[in-house]
Amino acid sequence: MTTNRSTIIETHGVCKRFGERPAVIDLDLAVPRGCAFGFLGHNGAGKTTLIRMLLGLTSADSGVMQIRGLPVPAHRAEVLARVGAIVEEPHFHSHLTGRENLQVVAAVRGPEARGRIDGALRRVGLADRAGDRVRTYSQGMRQRLGVARCLLADPELLILDEPMNGLDPGGILEFRTMIADLVGEGRTVFLSSHLLDEVEKTCDAAAVIDRGRLVAQGPIETLLGGGPRELQVGCDDSHAALDVLDGHPAVASARETPDGLRVILAGNDGVADINRRLVGAGIAVFRLEPVRESLEHRFLEITSRVGGSS
Amino acid sequence: MTLQMLGAEILKLRRNRAILGLAFLLSVGVLLLFFGYSAIEHASNPAQYGPAGGIQPFQRAVRVLGLIFGGLTAVLIGTEAGTADLSSGVFRDLVATGRSRLALFFVRAPAAILLAWAFNAIGFLLTLGATFAFAGGDPTPSVSLILQSAAWILMSNALLVGLAVGVGSLTSSRALTLTAVIGWQTVATLTLLDATSLGSARDGLLTAAAGQLAPFNTGTGVTMATGVAIAVLLGWLLVPAALGAWRTQTRDA
């Protein structure tokens, strides 16, 4: 595998089985540097298994993996020195304080990490509670302490596995802001999640894994653009509008909805002409709005298609 | 392994109040009870009960520290060191730093030994104080015997810590490790020591081999050559350590 400096994670043909059950199948993934990258999949799709293989927590059966341009697990120590990760959920010694838990990891990482403890605690807003035992922390505080632990590595890459799990809306918003800030500093955040809305709001690019297979990857806009373009038309006479649009070359299909017409376009052009035709036919058009497909809709479409073909 | 890692490992152990409290009770509380009760007995009936101090109570206390309650302290601390990262889930995060798994394993025993020795030291100082304070007219241990006894206690407890760390790292279960090691060192070992029909097969017991190296007769009822005792003890140290290291290296984190 050749080194691509524009990607921070690359995998080719990675497979992993647990007994007879395949968990990851022939996975080719490329995560660009300097972005928030979402790794989407249903529960049990293989997201955490891939993360564990990347981090050397379990071995791959076959395939090659690179992080920061170096093969893993061969260069695991060198690679992971600048990688921070939370796998599944952050675990701590509950009888130690937040600061002491960071001291334990800093001791394992090396002397430079020790000097980053105070900054990391401030960064995640835990400086005031750093002297409290972790058993008194809320779920959100544990997640933030997990990020602080990642920051001890001054990471080029953060791997966060389901980081929004258990957070309240305020916590999710804080987390989203923190991820944006980290990306703003030039770091890459690899975010595994089944919360599609969060990935859509947080990430620049994403990959979708379904039953161990990678089924789509690319920028969020590209992933969303994969389906047909739709148009919501609000007008004073939907029935007449349907007749006018019947046979229009830009319209693949159209149907009446409670608030007007839902038009599926045949291509990328033709919206202006549709408006012109409707107005020309004496129909008052008060709304012409592209329907933005959600990542959730697109995800379900992709994964159900895979499911149907298997 | 770095000094920082050793310090962090000790931090994890010494901040565990439950472990520290129990270790203190086993290492110091039991000796306070032993000497206190003996002193009261002697004060109430000097004709029937000898002084609480002097050489014989000293030897009994050293045996308590080296093989019985001190040993329980060592097993308790060793088990905690061997299982804490695994049972809390932190092991995964430590492995994800890229640090060698073997380095993570090999820091556990030294840290646990140092902490167990701290309790041994307190217990031993208490023993010395009581030995001389309550000796009455009885003979007291020589400097040589004191030094040999201290060294034997440290060796014996280090071995038990190593055993517990190895088994704990192998099983990752605190309950299983405590049950297995304490069960073996108490019920099983005492039963086997009494089974004279086993003959020299009993030389393979850790307690028998450790007792052979003690500076006085520890009453195990088994004697063997010093070389055999050393070989047996090395086996008890190295085999669990090798198993624990292997499991730490190969387990899914």
# chains A, B, ... in the order shown; residues from 1 in each chain; ligands from 1
call {"tool": "interface_residues", "arguments": {"of": "chain B", "to": "chain A", "cutoff": "6 Å", "atoms": "only C-alpha atoms", "output": "PyMOL selection string"}}
result
chain B and resi 4-5+8+89-90+96-98+252-253
call {"tool": "residues_around", "arguments": {"residues": "Gly82 of chain B", "least_positions_apart": "2", "cutoff": "8 Å", "atoms": "only C-alpha atoms", "output": "VMD selection string"}}
result
chain B and resid 78 to 80 84 to 85 108 to 109 164 to 169 172
call {"tool": "write_last_selection", "arguments": {"atoms": "N, CA and C atoms", "output": "PDB file, in the first residue's frame"}}
result
ATOM      1  N   GLY B  78      -1.522  -7.570  45.765  1.00  0.00           N
ATOM      2  CA  GLY B  78      -1.119  -8.129  44.468  1.00  0.00           C
ATOM      3  C   GLY B  78      -2.317  -8.362  43.562  1.00  0.00           C
ATOM      4  N   THR B  79      -3.399  -8.839  44.135  1.00  0.00           N
ATOM      5  CA  THR B  79      -4.602  -9.077  43.338  1.00  0.00           C
ATOM      6  C   THR B  79      -5.140  -7.761  42.778  1.00  0.00           C
ATOM      7  N   GLU B  80      -5.165  -6.747  43.615  1.00  0.00           N
ATOM      8  CA  GLU B  80      -5.646  -5.440  43.157  1.00  0.00           C
ATOM      9  C   GLU B  80      -4.761  -4.919  42.019  1.00  0.00           C
ATOM     10  N   ALA B  84      -6.818  -4.441  38.607  1.00  0.00           N
ATOM     11  CA  ALA B  84      -7.477  -3.124  38.649  1.00  0.00           C
ATOM     12  C   ALA B  84      -7.710  -2.530  37.258  1.00  0.00           C
ATOM     13  N   ASP B  85      -6.691  -2.536  36.412  1.00  0.00           N
ATOM     14  CA  ASP B  85      -6.850  -1.942  35.074  1.00  0.00           C
ATOM     15  C   ASP B  85      -7.869  -2.715  34.253  1.00  0.00           C
ATOM     16  N   ARG B 108       3.291  -3.707  37.399  1.00  0.00           N
ATOM     17  CA  ARG B 108       2.304  -4.008  38.445  1.00  0.00           C
ATOM     18  C   ARG B 108       2.959  -4.604  39.694  1.00  0.00           C
ATOM     19  N   ALA B 109       3.785  -5.634  39.502  1.00  0.00           N
ATOM     20  CA  ALA B 109       4.346  -6.328  40.666  1.00  0.00           C
ATOM     21  C   ALA B 109       5.259  -5.427  41.497  1.00  0.00           C
ATOM     22  N   ALA B 164       0.042 -13.374  43.196  1.00  0.00           N
ATOM     23  CA  ALA B 164      -1.290 -12.776  43.041  1.00  0.00           C
ATOM     24  C   ALA B 164      -1.369 -11.897  41.788  1.00  0.00           C
ATOM     25  N   VAL B 165      -0.305 -11.154  41.504  1.00  0.00           N
ATOM     26  CA  VAL B 165      -0.301 -10.318  40.290  1.00  0.00           C
ATOM     27  C   VAL B 165      -0.406 -11.208  39.048  1.00  0.00           C
ATOM     28  N   GLY B 166       0.363 -12.299  39.047  1.00  0.00           N
ATOM     29  CA  GLY B 166       0.336 -13.204  37.894  1.00  0.00           C
ATOM     30  C   GLY B 166      -1.031 -13.824  37.691  1.00  0.00           C
ATOM     31  N   VAL B 167      -1.592 -14.362  38.764  1.00  0.00           N
ATOM     32  CA  VAL B 167      -2.908 -15.003  38.649  1.00  0.00           C
ATOM     33  C   VAL B 167      -3.975 -13.954  38.315  1.00  0.00           C
ATOM     34  N   GLY B 168      -3.886 -12.774  38.933  1.00  0.00           N
ATOM     35  CA  GLY B 168      -4.849 -11.705  38.651  1.00  0.00           C
ATOM     36  C   GLY B 168      -4.795 -11.276  37.201  1.00  0.00           C
ATOM     37  N   SER B 169      -3.601 -11.144  36.652  1.00  0.00           N
ATOM     38  CA  SER B 169      -3.461 -10.747  35.252  1.00  0.00           C
ATOM     39  C   SER B 169      -3.950 -11.850  34.322  1.00  0.00           C
ATOM     40  N   SER B 172      -8.061 -11.866  35.292  1.00  0.00           N
ATOM     41  CA  SER B 172      -8.667 -10.521  35.250  1.00  0.00           C
ATOM     42  C   SER B 172      -9.816 -10.372  36.245  1.00  0.00           C
TER      43      SER B 172
END
call {"tool": "atom_distance", "arguments": {"atom1": "atom CA of Leu163 of chain B", "atom2": "atom CA of Ala241 of chain B"}}
result
7.1 Å
call {"tool": "atom_distance", "arguments": {"atom1": "atom CA of Ile113 of chain B", "atom2": "atom CA of Val161 of chain B"}}
result
6.1 Å
call {"tool": "atom_distance", "arguments": {"atom1": "atom CA of Ile230 of chain B", "atom2": "atom CA of Ser156 of chain B"}}
result
11.6 Å
call {"tool": "closest_atom_pairs", "arguments": {"of": "segment 121-161 of chain B", "to": "segment 32-36 of chain B", "cutoff": "12 Å", "atoms": "only C-alpha atoms", "output": "tab-separated table"}}
result
residue	atom	partner	partner_atom	distance
B:Ile122	CA	B:Leu32	CA	11.3
B:Gly123	CA	B:Leu32	CA	8.9
B:Phe124	CA	B:Leu32	CA	11.3
B:Leu125	CA	B:Leu32	CA	11.5
B:Leu126	CA	B:Leu32	CA	7.9
B:Thr127	CA	B:Phe35	CA	8.2
B:Leu128	CA	B:Phe35	CA	10.9
B:Gly129	CA	B:Phe35	CA	10.2
B:Ala130	CA	B:Phe35	CA	6.8
B:Thr131	CA	B:Phe35	CA	8.7
B:Phe132	CA	B:Phe35	CA	11.5
B:Ala133	CA	B:Phe35	CA	10.5
B:Phe134	CA	B:Phe35	CA	8.7
B:Ala135	CA	B:Phe35	CA	11.1
call {"tool": "select_by_dssp", "arguments": {"residues": "segment 65-285 of chain A", "states": "helix (DSSP H, G or I)", "output": "ChimeraX atom specification"}}
result
/A:76-80,98-109,111-114,117-123,127-129,134-136,139-151,169-184,196-202,220-224,238-245,271-280
call {"tool": "residues_around", "arguments": {"residues": "Ala210 of chain B", "least_positions_apart": "3", "cutoff": "9 Å", "atoms": "only C-alpha atoms", "output": "list in words"}}
result
Gly66, Leu67, Trp152, Met155, Ser156, Leu205, Leu206, Thr207, Leu213, Ala214, Ala229, Ile230, Val232 and Leu233 of chain B
call {"tool": "residues_around", "arguments": {"residues": "Gln212 of chain B", "least_positions_apart": "6", "cutoff": "10 Å", "atoms": "only C-alpha atoms", "output": "number ranges by chain"}}
result
B: 203, 206, 218-226, 228-230
call {"tool": "write_last_selection", "arguments": {"atoms": "N, CA and C atoms", "output": "PDB file, in the first residue's frame"}}
result
ATOM      1  N   ASP B 203       7.444 -30.686  49.063  1.00  0.00           N
ATOM      2  CA  ASP B 203       8.494 -29.670  48.848  1.00  0.00           C
ATOM      3  C   ASP B 203       8.047 -28.619  47.821  1.00  0.00           C
ATOM      4  N   LEU B 206       4.607 -23.647  48.139  1.00  0.00           N
ATOM      5  CA  LEU B 206       5.265 -22.349  48.349  1.00  0.00           C
ATOM      6  C   LEU B 206       5.553 -22.126  49.828  1.00  0.00           C
ATOM      7  N   THR B 218       9.599 -22.651  61.159  1.00  0.00           N
ATOM      8  CA  THR B 218       8.273 -22.044  61.055  1.00  0.00           C
ATOM      9  C   THR B 218       7.161 -23.065  61.270  1.00  0.00           C
ATOM     10  N   GLY B 219       7.536 -24.312  61.509  1.00  0.00           N
ATOM     11  CA  GLY B 219       6.534 -25.306  61.866  1.00  0.00           C
ATOM     12  C   GLY B 219       5.726 -25.848  60.708  1.00  0.00           C
ATOM     13  N   THR B 220       6.307 -25.818  59.504  1.00  0.00           N
ATOM     14  CA  THR B 220       5.564 -26.370  58.367  1.00  0.00           C
ATOM     15  C   THR B 220       5.594 -27.893  58.375  1.00  0.00           C
ATOM     16  N   GLY B 221       6.571 -28.480  59.079  1.00  0.00           N
ATOM     17  CA  GLY B 221       6.693 -29.938  59.123  1.00  0.00           C
ATOM     18  C   GLY B 221       7.385 -30.512  57.904  1.00  0.00           C
ATOM     19  N   VAL B 222       7.918 -29.671  57.032  1.00  0.00           N
ATOM     20  CA  VAL B 222       8.596 -30.129  55.811  1.00  0.00           C
ATOM     21  C   VAL B 222      10.000 -29.541  55.801  1.00  0.00           C
ATOM     22  N   THR B 223      10.987 -30.386  55.530  1.00  0.00           N
ATOM     23  CA  THR B 223      12.358 -29.872  55.380  1.00  0.00           C
ATOM     24  C   THR B 223      12.890 -30.287  54.009  1.00  0.00           C
ATOM     25  N   MET B 224      13.722 -29.457  53.454  1.00  0.00           N
ATOM     26  CA  MET B 224      14.315 -29.742  52.131  1.00  0.00           C
ATOM     27  C   MET B 224      15.637 -29.006  52.024  1.00  0.00           C
ATOM     28  N   ALA B 225      16.406 -29.318  50.995  1.00  0.00           N
ATOM     29  CA  ALA B 225      17.674 -28.612  50.783  1.00  0.00           C
ATOM     30  C   ALA B 225      17.371 -27.168  50.381  1.00  0.00           C
ATOM     31  N   THR B 226      18.294 -26.284  50.762  1.00  0.00           N
ATOM     32  CA  THR B 226      18.091 -24.853  50.450  1.00  0.00           C
ATOM     33  C   THR B 226      17.968 -24.626  48.944  1.00  0.00           C
ATOM     34  N   VAL B 228      16.792 -26.674  46.720  1.00  0.00           N
ATOM     35  CA  VAL B 228      15.456 -27.097  46.277  1.00  0.00           C
ATOM     36  C   VAL B 228      14.438 -26.021  46.619  1.00  0.00           C
ATOM     37  N   ALA B 229      14.554 -25.478  47.832  1.00  0.00           N
ATOM     38  CA  ALA B 229      13.604 -24.431  48.250  1.00  0.00           C
ATOM     39  C   ALA B 229      13.688 -23.226  47.313  1.00  0.00           C
ATOM     40  N   ILE B 230      14.907 -22.836  46.958  1.00  0.00           N
ATOM     41  CA  ILE B 230      15.075 -21.673  46.067  1.00  0.00           C
ATOM     42  C   ILE B 230      14.473 -21.972  44.687  1.00  0.00           C
TER      43      ILE B 230
END
call {"tool": "residues_around", "arguments": {"residues": "Val244 of chain A", "least_positions_apart": "2", "cutoff": "8 Å", "atoms": "only C-alpha atoms", "output": "ChimeraX atom specification"}}
result
/A:240-242,246,248,277-278,281
call {"tool": "closest_residue", "arguments": {"among": "B:Tyr37, B:Phe106, B:Tyr49, B:Phe119", "to": "Thr248 of chain B", "atoms": "only C-alpha atoms"}}
result
B:Phe106
